[in-house]
Protein chains: 2
Amino acid sequence: MFKPVTIKDIAKALNLSTSTVSRALRGGYEISEETKQLVLNYAEKINFKRNPIALSLKERRSYSIGIVVCEVANVFFSQAIDGIESVAYKRGYHVIISQSHDRYEREVTNIEHLANRSVDGIIISLAAETKNYEHIERLNAQGLPIVFFDRILESMETHKVTSDNRQGAFEATEYLIKRGCKRIAHVANAEQLSITAQRKIGYEDALKKYGIPVNPDLITYCEHGGREQDEVEQAVATLLAMPEKPDAFFVASDRLSMGCLSALKKYGAENILVSGFSNSDVVELFEPSISCVRQPAFEMGRIATEMLISLIEAKYPVDEYETRILNTEFKPIGT
Amino acid sequence: MFKPVTIKDIAKALNLSTSTVSRALRGGYEISEETKQLVLNYAEKINFKRNPIALSLKERRSYSIGIVVCEVANVFFSQAIDGIESVAYKRGYHVIISQSHDRYEREVTNIEHLANRSVDGIIISLAAETKNYEHIERLNAQGLPIVFFDRILESMETHKVTSDNRQGAFEATEYLIKRGCKRIAHVANAEQLSITAQRKIGYEDALKKYGIPVNPDLITYCEHGGREQDEVEQAVATLLAMPEKPDAFFVASDRLSMGCLSALKKYGAENILVSGFSNSDVVELFEPSISCVRQPAFEMGRIATEMLISLIEAKYPVDEYETRILNTEFKPIGT
DNA sequence: TTGAAAGCGCTAACAA
DNA sequence: TTGTTAGCGCTTTCAA
């Protein structure tokens with residue numbers, strides 16, 4: 001069926017050996033300009049392309065990197081992917097995207113799929129449901145380069161990129177306080193995620209700064225990251241049903257933010273002030289509205305990829321790792 | 001660095017030949033139950049995985065399929081991707097996603113990247129800017145299985161999946177007419193896209209049915225698919241500046257719909273009624289609001305993948321091709 | 001039932 | 001400067 005031309009075909013046609021052809025193709029030294037042009041012209045004519053699979057087998061690397069995110073339909077992640085692609089392509093790498101849908105099993109399957117010599121390294125943001133990290137630790141121990149972004153695994157020794165989740169959460173909460181809110185609920189992501197912990201600290205710090213007591217009842221975790229809208233609606237309903245209803249919501253992620261706004265609308269609680277993490281580009285269209293903490297998603301992807309490629313191409317084993325924390329930006333409603 | 005175990009390691013450890021190990025691993029016949037178990041147990045113990053690259057080279061296929069869409073940040077496409085993945089994984093295929101960002105050059109690059117023996121087939125929705133199809137036609141002629149979905153290439157003989165764009169557009173336009181609108185503008189995608197033509201026909205059919213003259217001045221094409229918001233704002237501004245201002249908009253795609261709503265809000269024209277194609281799941285939060293034509297994106301992805309795999313795994317050359325047209329669903333505002 | 005050997009497409013020592 | 005050859009990991013005839 002699909003039968004691409006090989007180096008052998010060229011060799012035969014030109015009456016050369018495959019190695020000569022190979023050398024000519026890769027612009028080698030040790031070859032006469034004449035032969036080289038001959039080969040190059042012919043290759044061009046018949047539209048020859050090196051077989052990347054054979055190359056991979058030979059070089060024992062694939063020039064492709066794997067990405068694992070919870071889902072591409074999430075603006076934050078699709079922007080991050082754009083950032084990843086921007087440097088990957090420039091450096092000659094393919095990008096293979098896979099989605100965990102915030103499920104542990106999917107994450108394991110995807111990583112194993114990617115790992116087994118078909119990618120040279122992996123960039124990952126953990127699934128909300130992941131609590132066991134063996135699948136990643138094992139690969140890392142085997143020497144597969146892994147870089148974390150966004151939802152990182154603190155305990156693993158490798159490069160990491162996050163945004164300043166603490167500060168972002170602080171600003172979002174402070175904004176609500178300054179707008180006069182006193183009972184600020186926090187709809188959080190799965191408890192074990194790094195970002196959840198950081199954002200919670202920021203939230204609490206803001207409350208403390210203004211002398212507002214931290215009330216654990218006002219904090220709800222969505223263990224599945226809001227994978228099903230039910231989960232979020234449940235959380236919102238519970239908060240709204242409290243004897244002393246919250247007067248504001250601080251929401252910890254893009255998906256949760258959308259879910260909360262929907263739920264608030266559904267329950268007719270549009271008057272409640274909302275701020276939260278979201279990279280949506282149509283946020284100004286939302287009603288009820290939301291003040292957003294923006295993460296530099298593209299930049300995070302870019303940096304994570306630089307880091308990964310530096311690991312992949314490192315001549316000597318790397319033992320100094322870096323954690324980059326990028327600034328967030330706060331956008332109050334209507335700006 | 002990363003050094004996975006090979007079949008050879010197993011052979012050495014167990015004092016067998018590589019061929020025996022290979023046979024045992026793939027549950028072959030011609031092998032004693034005893035040896036088989038021995039190998040299987042050992043392989044399990046050391047967590048052996050076959051090297052997919054070597055396999056690909058050998059079998060001359062990669063068990064992976066390539067996808068080209070304009071962007072994953074678009075809900076329609078991310079849903080379609082979920083559909084594609086759902087069947088691909090079940091059938092043992094990897095999925096490699098790439099984005100054209102509606103640019104012709106990116107589409108060409110991506111396709112060539114994917115094609116050269118690293119994928120067994122391609123599922124594609126054309127970039128808005130693509131007007132020349134040689135890059136696809138050549139591959140198809142070479143025997144690489146290709147399936148189109150959404151933005152199809154009518155002239156190519158292969159399987160295709162679309163939704164009923166004509167009917168969807170008809171319903172969206174008819175709705176506006178029934179709400180009393182008389183001057184309905186149409187913000188369309190790039191003119192050469194299959195979906196643009198179909199949706200325009202649906203729009204015009206509806207107008208004709210109700211005796212409203214088709215006014216070409218009310219139709220604006222966005223040649224870049226709304227890749228930059230400027231393009232959409234320009235289109236909206238021009239329409240709003242007409243001596244007889246339109247009283248409604250029919251918008252032809254998800255991206256354009258978002259862009260139009262933003263632009264309408266910006267120009268203070270929220271009173272204009274809007275309907276259009278959109279698979280957004282937070283559409284009820286939008287202000288101004290929009291009535292949506294929903295496409296069965298997941299289903300389209302699913303079917304396209306079934307089709308592609310049937311082409312890939314076909315024992316004999318296929319020469320009967322199918323075009324599936326799926327129904328859309330119309331959701332008036334507030335339902 | 002097992003092993004030896006060839007080959008998928010390519011590169012790189014080594015020889016000529 | 002060019003060709004010969006071995007080998008990347010795996011499967012698969014063919015022989016034993």
# chains A, B, ... in the order shown; residues from 1 in each chain; ligands from 1
>>> interface_residues(of="chain D", to="chain B", cutoff="8 Å", atoms="only C-alpha atoms (C1' of nucleotides)", output="PyMOL selection string")
chain D and resi 9-11
>>> interface_residues(of="chain B", to="chain C", cutoff="7 Å", atoms="only C-alpha atoms (C1' of nucleotides)", output="CSV table (one decimal) with all heavy atoms, in the first residue's frame")
chain,number,residue,atom,x,y,z
B,17,SER,N,17.0,-18.7,23.0
B,17,SER,CA,17.2,-17.8,21.9
B,17,SER,C,16.2,-16.7,21.8
B,17,SER,O,15.1,-16.8,22.4
B,17,SER,CB,17.2,-18.6,20.6
B,17,SER,OG,15.8,-18.8,20.2
B,20,THR,N,12.8,-17.7,20.5
B,20,THR,CA,12.0,-18.4,21.5
B,20,THR,C,11.3,-17.5,22.4
B,20,THR,O,10.1,-17.5,22.6
B,20,THR,CB,12.8,-19.4,22.3
B,20,THR,OG1,13.5,-20.3,21.4
B,20,THR,CG2,11.9,-20.2,23.2
B,30,GLU,N,3.6,-23.3,18.6
B,30,GLU,CA,5.0,-23.8,18.4
B,30,GLU,C,5.9,-23.5,19.6
B,30,GLU,O,7.0,-23.0,19.4
B,30,GLU,CB,5.7,-23.4,17.2
B,30,GLU,CG,5.0,-22.5,16.2
B,30,GLU,CD,5.9,-22.1,15.1
B,30,GLU,OE1,6.0,-22.8,14.1
B,30,GLU,OE2,6.4,-21.0,15.1
B,31,ILE,N,5.4,-23.7,20.8
B,31,ILE,CA,6.2,-23.4,21.9
B,31,ILE,C,5.7,-24.2,23.1
B,31,ILE,O,4.5,-24.3,23.3
B,31,ILE,CB,6.3,-21.9,22.2
B,31,ILE,CG1,7.3,-21.7,23.4
B,31,ILE,CG2,5.0,-21.4,22.7
B,31,ILE,CD1,8.0,-20.4,23.3
B,32,SER,N,6.6,-24.7,23.9
B,32,SER,CA,6.1,-25.5,25.0
B,32,SER,C,5.5,-24.6,26.1
B,32,SER,O,6.0,-23.6,26.4
B,32,SER,CB,7.2,-26.4,25.6
B,32,SER,OG,8.1,-25.5,26.3
B,57,LEU,N,9.2,-0.7,12.8
B,57,LEU,CA,10.1,-0.9,11.7
B,57,LEU,C,9.9,-2.2,11.1
B,57,LEU,O,9.9,-2.3,9.8
B,57,LEU,CB,11.6,-0.8,12.3
B,57,LEU,CG,12.7,-0.8,11.2
B,57,LEU,CD1,12.5,0.3,10.2
B,57,LEU,CD2,14.0,-0.8,11.8
B,58,LYS,N,9.7,-3.2,11.9
B,58,LYS,CA,9.5,-4.5,11.4
B,58,LYS,C,8.2,-4.7,10.7
B,58,LYS,O,8.2,-5.1,9.5
B,58,LYS,CB,9.5,-5.5,12.6
B,58,LYS,CG,9.3,-6.9,12.3
B,58,LYS,CD,10.5,-7.5,11.7
B,58,LYS,CE,10.2,-8.9,11.2
B,58,LYS,NZ,11.1,-9.4,10.2
>>> interface_residues(of="chain A", to="chain B", cutoff="6 Å", atoms="only C-alpha atoms", output="list in words")
Met1, Phe2, Ala73, Ser78, Ile96, Gln142, Gly143, Leu144, Leu285, Phe286 and Glu287 of chain A
>>> select_by_dssp(residues="range 264-331 of chain B", states="strand (DSSP E)", output="list in words")
Leu273, Val274, Ser275, Gly276, Phe277, Ser291, Cys292, Val293, Arg294, Thr323, Arg324, Ile325, Leu326, Glu329, Phe330 and Lys331 of chain B
>>> write_last_selection(atoms="N, CA, C and O atoms", output="short mmCIF file (atom, residue, chain, number, x, y, z; two decimals), in the first residue's frame")
data_model
loop_
_atom_site.label_atom_id
_atom_site.label_comp_id
_atom_site.auth_asym_id
_atom_site.auth_seq_id
_atom_site.Cartn_x
_atom_site.Cartn_y
_atom_site.Cartn_z
N LEU B 273 -29.88 39.95 18.12
CA LEU B 273 -30.07 38.52 18.36
C LEU B 273 -29.00 37.71 17.62
O LEU B 273 -28.70 37.98 16.46
N VAL B 274 -28.44 36.73 18.31
CA VAL B 274 -27.37 35.95 17.69
C VAL B 274 -27.69 34.47 17.74
O VAL B 274 -28.11 33.94 18.78
N SER B 275 -27.48 33.80 16.63
CA SER B 275 -27.49 32.34 16.67
C SER B 275 -26.29 31.87 15.87
O SER B 275 -25.79 32.59 15.00
N GLY B 276 -25.81 30.70 16.21
CA GLY B 276 -24.62 30.25 15.50
C GLY B 276 -24.15 28.89 15.95
O GLY B 276 -24.66 28.33 16.92
N PHE B 277 -23.17 28.38 15.22
CA PHE B 277 -22.58 27.10 15.57
C PHE B 277 -21.72 27.26 16.81
O PHE B 277 -20.83 28.12 16.85
N SER B 291 -28.07 31.54 20.61
CA SER B 291 -28.74 30.25 20.35
C SER B 291 -27.79 29.40 19.54
O SER B 291 -27.19 29.87 18.58
N CYS B 292 -27.68 28.15 19.92
CA CYS B 292 -26.60 27.34 19.34
C CYS B 292 -27.04 26.20 18.45
O CYS B 292 -27.99 25.49 18.74
N VAL B 293 -26.28 26.03 17.39
CA VAL B 293 -26.35 24.79 16.63
C VAL B 293 -25.26 23.90 17.20
O VAL B 293 -24.08 24.25 17.18
N ARG B 294 -25.66 22.76 17.71
CA ARG B 294 -24.71 21.81 18.29
C ARG B 294 -24.36 20.73 17.29
O ARG B 294 -25.24 20.14 16.68
N THR B 323 -19.65 8.81 2.84
CA THR B 323 -19.71 10.12 3.48
C THR B 323 -20.87 10.11 4.47
O THR B 323 -22.02 9.93 4.07
N ARG B 324 -20.55 10.24 5.74
CA ARG B 324 -21.61 10.23 6.76
C ARG B 324 -21.96 11.66 7.13
O ARG B 324 -21.07 12.47 7.40
N ILE B 325 -23.23 11.95 7.15
CA ILE B 325 -23.68 13.28 7.55
C ILE B 325 -24.56 13.16 8.78
O ILE B 325 -25.64 12.58 8.73
N LEU B 326 -24.08 13.68 9.89
CA LEU B 326 -24.80 13.52 11.16
C LEU B 326 -25.69 14.72 11.46
O LEU B 326 -25.37 15.86 11.08
N GLU B 329 -28.15 19.68 16.36
CA GLU B 329 -29.25 19.91 17.27
C GLU B 329 -29.30 21.41 17.54
O GLU B 329 -28.26 22.03 17.75
N PHE B 330 -30.49 21.98 17.54
CA PHE B 330 -30.57 23.42 17.76
C PHE B 330 -31.06 23.73 19.17
O PHE B 330 -32.05 23.17 19.63
N LYS B 331 -30.33 24.60 19.83
CA LYS B 331 -30.68 24.99 21.21
C LYS B 331 -30.98 26.48 21.27
O LYS B 331 -30.05 27.29 21.32
#
>>> atom_distance(atom1="CA of Cys181 in chain B", atom2="CA of Ser257 in chain B")
18.3 Å
>>> select_by_dssp(residues="range 151-191 of chain B", states="helix (DSSP H, G or I)", output="ChimeraX atom specification")
/B:165-178
>>> write_last_selection(atoms="N, CA and C atoms", output="CSV table (one decimal), in the first residue's frame")
chain,number,residue,atom,x,y,z
B,165,ASN,N,-24.6,20.5,8.0
B,165,ASN,CA,-24.3,21.9,8.1
B,165,ASN,C,-25.4,22.8,7.5
B,166,ARG,N,-26.0,22.3,6.4
B,166,ARG,CA,-27.0,23.0,5.7
B,166,ARG,C,-28.2,23.1,6.6
B,167,GLN,N,-28.6,22.0,7.1
B,167,GLN,CA,-29.8,21.9,8.0
B,167,GLN,C,-29.6,22.7,9.3
B,168,GLY,N,-28.4,22.6,9.9
B,168,GLY,CA,-28.1,23.3,11.1
B,168,GLY,C,-28.2,24.8,10.9
B,169,ALA,N,-27.7,25.3,9.8
B,169,ALA,CA,-27.7,26.7,9.4
B,169,ALA,C,-29.1,27.2,9.2
B,170,PHE,N,-29.9,26.3,8.5
B,170,PHE,CA,-31.3,26.6,8.2
B,170,PHE,C,-32.0,26.8,9.5
B,171,GLU,N,-31.9,25.9,10.4
B,171,GLU,CA,-32.6,26.1,11.7
B,171,GLU,C,-32.2,27.3,12.5
B,172,ALA,N,-30.9,27.6,12.5
B,172,ALA,CA,-30.5,28.7,13.2
B,172,ALA,C,-31.0,30.0,12.6
B,173,THR,N,-31.1,30.0,11.3
B,173,THR,CA,-31.6,31.2,10.6
B,173,THR,C,-33.1,31.4,10.7
B,174,GLU,N,-33.7,30.2,10.6
B,174,GLU,CA,-35.2,30.2,10.7
B,174,GLU,C,-35.6,30.7,12.1
B,175,TYR,N,-34.9,30.3,13.1
B,175,TYR,CA,-35.2,30.7,14.4
B,175,TYR,C,-35.2,32.3,14.5
B,176,LEU,N,-34.1,32.8,13.9
B,176,LEU,CA,-34.0,34.3,14.0
B,176,LEU,C,-35.2,35.0,13.3
B,177,ILE,N,-35.6,34.4,12.1
B,177,ILE,CA,-36.7,34.9,11.4
B,177,ILE,C,-38.0,34.8,12.2
B,178,LYS,N,-38.2,33.7,12.8
B,178,LYS,CA,-39.4,33.5,13.6
B,178,LYS,C,-39.4,34.5,14.8
>>> atom_distance(atom1="CA of Gly202 in chain A", atom2="CA of Glu223 in chain A")
19.7 Å
